[in-house]
Structures are given as structure tokens and as C-alpha cells.
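Some notes on the structure that comes next.
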Amino acid sequence: MVSSSPFRFRRPLRGPARAAAETAWVLLAGFGVWLVVAYLGVLPRPYLQLPALAVAGCLFPLRRRFPVPVLLALAALTGAASCVGPVTAATAYTVARRTVRARTRARLLGAAAALLVVCATLCAPWLGPGPLPYGPALGLVLTPTAVLVPGLVGTAYGQQRRLVRALRERGDAAERARRLADSEARTHERSRIAAEMHDLLGHRLSLISLHAGGLELALERADPELREEAVLVRRTTRDALRELRQALGVLGPLGRDTGAEALTDATGTRADIEALVAGSRDGGVAVGLDWTGPDLDGRPAGVRRAVHRVVREALTNVHRYAGAAHVAVTVAHDEETVRVTVRNGAPPAAPARDQGTGRGLAGLRERVELLGGTFAAAPLPSGGFRVEAALPAEPGEAPAPRREEVPGTGDGAPAAPPPAERGTAQALTLALGLAGLSALTALGTLFVYATAPHRDAGPRPLPRVGMTYGEVTGSGVTDNAAVRAAATGREPPRPPGTAGCVYPFAGATEFRPGSLTIARYCFDAAQRLVAIDRFTVPSVRDTTPWETP
């Protein structure tokens with residue numbers, strides 16, 4: 001079977017090559033997370049997380065042999081180093097997919113999630129975001145992407161895989177049962193054919209033996225030499241009849257039709273088919289016969305009996321499952337082909353639940369194909385059913401080759417994709433899923449680290465003597481022209497060695513009406529702070545327009 005996909009898929013990797021490729025992919029995803037977080041500069045000690053990623057890469061190939069300890073160890077490493085999250089996610093997926101018992105799987109994933117949060121909390125002051133409350137936050141952010149979501153996906157895929165395997169086994173069992181039933185039907189039909197051949201040849205051989213006995217008596221006095229030849233013919237015929245009975249006679253009771261349905265020389269002729277149609281009409285079925293061409297009395301017995309069997313089996317099925325439907329029987333006979341068609345319409349009421357085993361149709365197919373013909377039986381779109389057989393008018397000595405059905409396939413059944421295509425599509429899906437989880441891990445880590453206070457965060461240091469001019473201005477102390485103007489002429493003497501002073505606006509405060517407290521920062525020639533003075537000067541209050549001076 002040729003796949004309809006325009007792409008060619010290689011055979012999936014097996015054994016050590018597959019394990020190496022999986023390990024390399026998860027390590028690459030983890031390194032990508034570390035690279036993004038470290039590049040943005042939020043990690044306090046970024047290079048301490050690389051050894052944890054290396055240890056995770058050594059533990060990952062052991063996840064199938066030791067699933068529980070490997071998953072718990074990777075969860076603990078993820079709490080200390082978020083770049084191990086993709087490795088833990090792949091491990092959680094594999095463990096959840098391979099664990100059959102739901103309670104065991106839930107406990108294992110819950111323990112891994114709890115261990116991740118605990119380790120993130122304990123490592124937060126040294127390797128994590130810093131303050132203790134942000135450790136649990138980082139653990140709660142990493143738990144869904146590293147444990148819970150991959151575990152749920154692995155659980156769903158594992159259940160689907162086990163369900164598909166069970167359905168496939170049931171389908172295989174049903175297919176074997178169907179093939180066994182078809183084989184039994186073919187065997188039964190061959191037994192019926194053998195019984196018919198036994199009756200036909202036995203009758204002919206008996207006639208030959210009878211005539212040879214009469215010839216023996218007639219030649220007893222007339223020609224003794226020819227009498228010996230007649231005796232030889234009679235004995236040979238008797239031996240052939242005995243051997244035929246030994247070979248085929250045991251099959252006679254299995255397939256021989258007896259009573260009113262016994263096969264005779266008139267079987268399959270127009271009179272015989274009309275009798276079958278008349279019997280169905282007497283049973284309450286509306287049957288119409290359309291015969292085209294000459295009668296079949298000059299055709300071989302195998303063809304006539306096949307025509308009889310097709311019509312009789314089709315009418316029997318109509319009596320069982322569509323007794324109220326109209327039936328049309330068509331026989332078309334020409335020099336090369338005998339075509340038989342039995343078509344019935346949809347029954348007025350719904351058919352019974354028991355639709356039969358189909359063994360009768362399988363037997364008909366066997367009989368027709370042994371004669372070199374074709375057989376088809378299928379439901380009609382209108383709700384009816386059609387049985388059609390095309391037989392050669394003069395079958396050859398060798399029957400046409402039978403069509404062998406490929407196991408696991410059937411007419412109209414959808415073809416399953418090749419294993420290589422399924423494996424490649426599954427690998428691509430898992431790779432994209434791991435990439436998405438890695439991106440979420442990086443975003444969650446960045447969010448927690450961005451919201452946590454930095455280690456150098458806090459109030460700016462107050463200016464003190466000895467600081468440089470740049471350090472003082474960096475703390476927010478800058479000169480203000482209005483404050484300098486208010487201090488001019490009213491400030492105390494500057495300290496010795498002062499090269500310049502700064503009068504910041506933040507230092508000017510009016511504690512009581514009419515006075516303004518000013519802060520003065522004096523620097524020497526080396527631009528170092530030598531004094532911080534505070535003094536009070538009178539403040540000037542503007543008169544409002546409606547006040548009288």
C-alpha cells in the first residue's frame with residue numbers, strides 16, 4: 001500500500017540512537033531556557049545552574065528503568081535550577097504514559113510537584129530569586145510546566161495507546177473469526193460441490209458399468225476375445241466407482257441436497273428458476289423474473305447449479321430479512337456469459353438486529369469463483385440489497401485465480417498510515433510541545449525574578465562627609481538656584497578650604513512661619529564633601545492682591 005502523503009518519512013530511530021537523540025533534545029531545550037534567563041541578567045549566579053543541567057542529562061536516559069527515583073530527583077533539581085524544567089517535563093510525560101494504575105500515577109506526580117516546590121523554597125535565598133516568599137512562587141510557577149501538564153498529556157496518550165491496542169486486538173479477533181467463518185463456508189460449499197460431482201459421476205459410471213455388463217453377455221458366444229475387453233471395461237468402471245466413493249462419498253451427506261431441493265439434470269434451467277420464484281410468491285414475497293436469452297439446458301451442470309444456488313440463496317435471505325420488499329430476479333444468457341442478478345428494495349420496517357453470518361454469500365462466492373466467474377453482494381443506497389454473479393457459459397478446465405484479501409484491510413476500510421509516518425508525526429508533536437513548555441518555563445522564571453526585589457534594592461544612602469561630588473549628586477542632592485538666592489547674604493561663614501557649596505531644594509524646609517531652614521553641602525578643591533550645615537534664614541511671604549499692606 002502506497003501512502004498518499006507527499007512527504008517521505010524515514011524509519012524512526014531505535015535503541016541507543018533514539019535515546020541519544022531524546023537526551024540531546026531535552027538538554028538543548030533546557031540550555032535554551034538557561035540562555036534566555038541568563039542573558040536578561042535576572043539570575044544571581046547563572047553558572048551554578050549548568051552543573052544541575054548536566055546531572056539531569058545523566059539521569060534522563062534512566063527514566064524508563066528507574067522511573068520513580070529519576071522523576072523525584074529531577075523535580076528536586078528543577079526547584080534549584082529552573083533550566084532543568086524541560087528535562088523534568090519529558091520525564092514526567094514518559095512516566096505518566098507508562099504507568100497503568102491511575103492511583104499510583106497521581107501519587108507520583110503529586111510527590112514530584114510537592115518536592116519541586118519545597119526545593120524551590122529552600123534554595124530561594126542562595127540560588128533563587130532571593131527572599132523566602134518568592135521561592136514558593138517560583139515553585140508554583142514551575143510545577144505546571146515541569147510536572148502537571150506533561151503528566152496529564154502522558155496520561156491521556158498512554159490511555160489512548162492502551163485503548164487503541166485493545167481495540168486492535170478485538171478487531172484482529174473479529175477478523176480471525178470472520179475468516180474462520182468464511183473458511184467454513186467455503187469448505188461447506190466445496191463439500192456440496194464434491195457431493196454433486198459424486199452423484200453425477202457415480203450415475204455416469206454406473207451407466208457405463210451397466211452397458212459394459214450387457215456387452216459382456218452379448219459377446220460371450222459371438223466373440224470371446226472382445227468379451228474379455230468388455231469384462232475389463234466393467235471391472236475398471238467398478239473400481240473407479242469404488243475409488244470415487246472412497247474419495248468423495250464421505251463428503252456427500254455434508255453437502256447433498258435431498259428432498260424437494262435435490263439437484264437434478266433440470267437444475268438451473270428456466271423452468272427450475274421459475275419454480276423457485278413461484279415458491280417465493282407462495283410464501284408472500286413479491287418476486288418478478290426477467291429472463292433474457294435461451295434456456296440453460298445446454299450448458300454444463302456446474303453453471304446451471306451455480307445459477308440455481310445464487311437465486312435460491314438470495315431469495316432465502318429476502319425471506320429472512322426483507323420479506324415485505326419487492327424482489328427482481330434477472331437472468332441474462334448469451335454465448336459467453338450467464339449473468340444472474342437478484343435485487344430487493346428497502347423493507348418497510350427496520351430489519352432485524354440479527355443480520356446473519358454471511359456464510360451463505362461466502363459459499364456462493366466460492367462456487368462462482370471456482371468456475372472462473374465473479375460475484376458481488378452489497379447493500380444499495382436506497383436501503384435494499386443486490387446479489388450479482390457473472391458466470392462463463394463454458395468454463396475452462398482451470399478456474400480463474402481467486403482474489404486474496406490482505407489481512408487487516410477490506411473494501412472501503414480506511415488505510416492506516418505507515419508506522420514510520422506515525423512515529424515521525426508523533427515525534428514532531430512531542431518536540432513542539434516540549435518547545436512550548438520550555439518557553440513557558442522561561443517566561444515564568446523571568447516573571448518571578450522580575451517581581452522579586454533585587455539584592456541592591458532599598459533607600460539610597462544619605463550623604464556623609466568624605467563622599468565625592470558625584471556620589472552626593474547621585475544620592476539626589478542637587479543645587480537649586482532659588483534656595484541659593486535665599487541663602488545669599490544670610491548664611492554662616494563657610495568652612496576653611498571650601499571651594500563651593502550646593503544648596504538643594506529638598507533641604508529647604510519652613511518649620512514655622514517667617515523662617516526657612518536650609519541645608520548646605522560644602523566641597524573642597526578635590527570635590528569631596530567637607531561639611532553639611534543647616535541654618536535658618538527669614539522667608540519672604542508674597543502679599544495677596546486683596547490684602548492691605
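Scheme for the C-alpha cells: letters A, B, ... for chains in order shown; per-chain residue numbers from 1; ligand numbers from 1 in order shown.
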
**Report entry** 6 Å contact set for Asn344 (chain A), only C-alpha atoms, chain neighbours under 4 positions out, as a VMD selection string
**Finding:** chain A and resid 326 to 327 384 to 385

I'd like the neighbourhood of Ala24 (chain A) as a CSV table (one decimal) with N, CA and C atoms, in the first residue's frame, where a residue qualifies if any of its atoms comes within 12 Å (using only C-alpha atoms), though same-chain residues fewer than 2 positions away should be ignored.
chain,number,residue,atom,x,y,z
A,17,ALA,N,20.4,5.0,19.6
A,17,ALA,CA,20.3,6.2,18.8
A,17,ALA,C,19.1,7.0,19.2
A,18,ARG,N,18.0,6.4,19.4
A,18,ARG,CA,16.8,7.1,19.9
A,18,ARG,C,17.0,7.7,21.2
A,19,ALA,N,17.6,7.0,22.2
A,19,ALA,CA,17.9,7.5,23.5
A,19,ALA,C,18.8,8.7,23.4
A,20,ALA,N,19.8,8.7,22.6
A,20,ALA,CA,20.8,9.8,22.5
A,20,ALA,C,20.1,11.0,21.9
A,21,ALA,N,19.2,10.8,20.9
A,21,ALA,CA,18.5,11.9,20.3
A,21,ALA,C,17.6,12.6,21.3
A,22,GLU,N,16.8,11.8,22.0
A,22,GLU,CA,15.9,12.3,23.0
A,22,GLU,C,16.7,13.1,24.1
A,26,VAL,N,16.2,17.3,24.9
A,26,VAL,CA,15.8,17.9,26.1
A,26,VAL,C,16.9,18.7,26.7
A,27,LEU,N,18.2,18.3,26.6
A,27,LEU,CA,19.2,19.2,27.1
A,27,LEU,C,19.3,20.5,26.3
A,28,LEU,N,19.1,20.4,25.0
A,28,LEU,CA,19.0,21.6,24.2
A,28,LEU,C,17.9,22.6,24.6
A,29,ALA,N,16.8,22.0,24.9
A,29,ALA,CA,15.6,22.8,25.4
A,29,ALA,C,16.0,23.4,26.8
A,30,GLY,N,16.6,22.7,27.7
A,30,GLY,CA,17.0,23.2,29.0
A,30,GLY,C,18.1,24.3,28.9
A,31,PHE,N,19.0,24.1,28.0
A,31,PHE,CA,20.0,25.1,27.8
A,31,PHE,C,19.4,26.4,27.2
A,53,LEU,N,22.0,21.0,35.2
A,53,LEU,CA,21.5,20.6,33.9
A,53,LEU,C,22.3,19.4,33.4
A,54,ALA,N,23.6,19.4,33.7
A,54,ALA,CA,24.5,18.2,33.3
A,54,ALA,C,24.0,17.0,34.1
A,56,ALA,N,21.1,16.4,35.3
A,56,ALA,CA,19.8,16.0,34.7
A,56,ALA,C,20.0,15.2,33.4
A,57,GLY,N,20.9,15.6,32.6
A,57,GLY,CA,21.2,14.9,31.3
A,57,GLY,C,21.7,13.5,31.6
A,58,CYS,N,22.4,13.2,32.7
A,58,CYS,CA,22.8,11.9,33.0
A,58,CYS,C,21.7,11.0,33.5
A,60,PHE,N,18.4,11.4,32.8
A,60,PHE,CA,17.3,11.3,31.9
A,60,PHE,C,17.2,10.0,31.1
A,61,PRO,N,18.3,9.4,30.6
A,61,PRO,CA,18.2,8.1,30.0
A,61,PRO,C,17.8,6.9,30.9
A,86,PRO,N,12.6,21.5,31.3
A,86,PRO,CA,12.3,20.7,30.2
A,86,PRO,C,12.6,19.2,30.3
A,87,VAL,N,13.8,18.9,31.0
A,87,VAL,CA,14.1,17.5,31.2
A,87,VAL,C,13.1,16.9,32.1
A,90,ALA,N,9.8,16.1,30.2
A,90,ALA,CA,9.9,14.9,29.3
A,90,ALA,C,9.8,13.7,30.2
A,431,ALA,N,8.0,17.2,20.2
A,431,ALA,CA,9.1,18.2,20.1
A,431,ALA,C,8.5,19.6,20.2

Query - Non-local contacts of Val42 (chain A) (9 Å; only C-alpha atoms; under 5 positions in same chain excluded) as a PyMOL selection string - result: chain A and resi 37+129+446+449-450

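Closest approach to Leu289 (chain A) among A:Thr488, A:Thr341, A:Thr267, A:Thr88: A:Thr341, based on only C-alpha atoms.
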
Query - Long-range neighbours of Ala111 (chain A) as a list in words, 10 Å cut-off, only C-alpha atoms, 6 positions minimum in chain - result: Val68, Leu71, Leu72, Ala75, Arg105 and Val147 of chain A

Requested in this report: Pick out the residues sitting within 9 Å of Ala230 (chain A), and hand them over as a list in words; count only C-alpha atoms, and ignore anything fewer than 6 positions along from it in its own chain.
Outcome: Ala212, Gly213, Gly214, Leu215, Glu216 and Leu219 of chain A

Could you turn the residues from that selection into a file that holds N, CA and C atoms, as a CSV table (one decimal), in the first residue's frame?
chain,number,residue,atom,x,y,z
A,212,ALA,N,-21.5,-52.0,-20.0
A,212,ALA,CA,-20.4,-53.0,-20.2
A,212,ALA,C,-20.8,-54.4,-19.8
A,213,GLY,N,-21.6,-54.6,-18.8
A,213,GLY,CA,-22.1,-55.9,-18.4
A,213,GLY,C,-23.0,-56.5,-19.5
A,214,GLY,N,-23.9,-55.6,-20.1
A,214,GLY,CA,-24.7,-56.1,-21.2
A,214,GLY,C,-23.9,-56.5,-22.4
A,215,LEU,N,-22.8,-55.7,-22.7
A,215,LEU,CA,-21.9,-56.1,-23.8
A,215,LEU,C,-21.2,-57.3,-23.5
A,216,GLU,N,-20.9,-57.6,-22.3
A,216,GLU,CA,-20.2,-58.8,-21.9
A,216,GLU,C,-21.0,-60.0,-22.2
A,219,LEU,N,-21.4,-60.7,-26.0
A,219,LEU,CA,-20.2,-61.1,-26.7
A,219,LEU,C,-19.7,-62.5,-26.2

Query - Straight-line distance linking CA of Val164 (chain A) with CA of Val95 (chain A), stated in Å to one decimal - result: 19.2 Å

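The shortest atom-to-atom distance to Ala378 (chain A), with only C-alpha atoms taken into account, belongs to A:Ala314 out of A:Glu336, A:Arg162, A:Gly470, A:Ala314.
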
Query raised in the report: Which neighbours of Trp291 (chain A) fall inside 7 Å, counting only C-alpha atoms, when residues of the same chain fewer than 3 positions from it are skipped, and could you give them as number ranges by chain?
Result: A: 330-332

Selection to disk with N, CA, C and O atoms, as a PDB file, in the first residue's frame:
ATOM      1  N   THR A 330     -33.157 -11.343 -12.286  1.00  0.00           N
ATOM      2  CA  THR A 330     -32.809 -11.141 -13.691  1.00  0.00           C
ATOM      3  C   THR A 330     -31.759 -12.171 -14.085  1.00  0.00           C
ATOM      4  O   THR A 330     -30.734 -12.314 -13.396  1.00  0.00           O
ATOM      5  N   VAL A 331     -32.007 -12.873 -15.205  1.00  0.00           N
ATOM      6  CA  VAL A 331     -31.049 -13.835 -15.758  1.00  0.00           C
ATOM      7  C   VAL A 331     -30.813 -13.441 -17.208  1.00  0.00           C
ATOM      8  O   VAL A 331     -31.760 -13.402 -18.016  1.00  0.00           O
ATOM      9  N   ALA A 332     -29.567 -13.117 -17.524  1.00  0.00           N
ATOM     10  CA  ALA A 332     -29.191 -12.734 -18.883  1.00  0.00           C
ATOM     11  C   ALA A 332     -28.196 -13.760 -19.411  1.00  0.00           C
ATOM     12  O   ALA A 332     -27.099 -13.929 -18.847  1.00  0.00           O
TER      13      ALA A 332
END

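Here CA of Val118 (chain A) and CA of Ala156 (chain A) stand 27.5 Å from one another.
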
Query - Within 12 Å of Ala525 (chain A) using only C-alpha atoms, minus same-chain residues under 5 positions, as a PyMOL selection string - result: chain A and resi 468-469+496-501+530

Selected residues written out, N, CA, C and O atoms, as a PDB file, in the first residue's frame:
ATOM      1  N   THR A 468      32.400  61.925  47.471  1.00  0.00           N
ATOM      2  CA  THR A 468      32.744  62.788  46.339  1.00  0.00           C
ATOM      3  C   THR A 468      31.496  63.528  45.858  1.00  0.00           C
ATOM      4  O   THR A 468      30.360  63.211  46.253  1.00  0.00           O
ATOM      5  N   TYR A 469      31.755  64.505  45.005  1.00  0.00           N
ATOM      6  CA  TYR A 469      30.652  65.291  44.467  1.00  0.00           C
ATOM      7  C   TYR A 469      29.697  64.396  43.643  1.00  0.00           C
ATOM      8  O   TYR A 469      28.476  64.543  43.694  1.00  0.00           O
ATOM      9  N   PRO A 496      36.741  76.453  56.392  1.00  0.00           N
ATOM     10  CA  PRO A 496      38.020  76.720  55.694  1.00  0.00           C
ATOM     11  C   PRO A 496      38.282  75.665  54.612  1.00  0.00           C
ATOM     12  O   PRO A 496      37.989  74.485  54.786  1.00  0.00           O
ATOM     13  N   GLY A 497      38.843  76.067  53.522  1.00  0.00           N
ATOM     14  CA  GLY A 497      39.175  75.163  52.415  1.00  0.00           C
ATOM     15  C   GLY A 497      38.006  74.851  51.522  1.00  0.00           C
ATOM     16  O   GLY A 497      38.115  73.972  50.642  1.00  0.00           O
ATOM     17  N   THR A 498      36.886  75.541  51.696  1.00  0.00           N
ATOM     18  CA  THR A 498      35.705  75.274  50.867  1.00  0.00           C
ATOM     19  C   THR A 498      35.895  75.894  49.498  1.00  0.00           C
ATOM     20  O   THR A 498      36.241  77.072  49.378  1.00  0.00           O
ATOM     21  N   ALA A 499      35.669  75.088  48.455  1.00  0.00           N
ATOM     22  CA  ALA A 499      35.768  75.585  47.092  1.00  0.00           C
ATOM     23  C   ALA A 499      34.394  75.900  46.512  1.00  0.00           C
ATOM     24  O   ALA A 499      34.285  76.683  45.575  1.00  0.00           O
ATOM     25  N   GLY A 500      33.340  75.295  47.011  1.00  0.00           N
ATOM     26  CA  GLY A 500      31.996  75.539  46.508  1.00  0.00           C
ATOM     27  C   GLY A 500      30.965  74.816  47.344  1.00  0.00           C
ATOM     28  O   GLY A 500      31.282  73.851  48.055  1.00  0.00           O
ATOM     29  N   CYS A 501      29.722  75.306  47.299  1.00  0.00           N
ATOM     30  CA  CYS A 501      28.643  74.701  48.092  1.00  0.00           C
ATOM     31  C   CYS A 501      27.435  74.423  47.203  1.00  0.00           C
ATOM     32  O   CYS A 501      27.222  75.061  46.163  1.00  0.00           O
ATOM     33  N   VAL A 530      33.114  68.303  52.702  1.00  0.00           N
ATOM     34  CA  VAL A 530      33.837  68.589  53.940  1.00  0.00           C
ATOM     35  C   VAL A 530      32.909  69.029  55.067  1.00  0.00           C
ATOM     36  O   VAL A 530      33.294  68.973  56.241  1.00  0.00           O
TER      37      VAL A 530
END

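For the atom pair formed by CA of Leu122 (chain A) and CA of Arg63 (chain A), the distance is 25.4 Å, given to one decimal.
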
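In this comparison, which uses only C-alpha atoms, the residue of A:Gly171, A:Gly444, A:Pro379, A:Pro294 approaching Glu335 (chain A) most closely is A:Pro294.
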
Report task. Enumerate, as a PyMOL selection string, the complete set of residues in region 84-143 of chain A that a backbone-based DSSP assignment places in alpha helix (DSSP H). Result -> chain A and resi 85-98+102-123+134-143

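Of the listed residues A:Gly345, A:Pro125, A:Gly396, A:Gly288, the one whose atoms come nearest to Pro381 (chain A) is A:Gly345, with distances taken using only C-alpha atoms.
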
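Each of A:Val233, A:Thr104, A:Thr445, A:Ala218 was checked against Leu142 (chain A) using only C-alpha atoms; the smallest atom-to-atom distance is that of A:Thr445.
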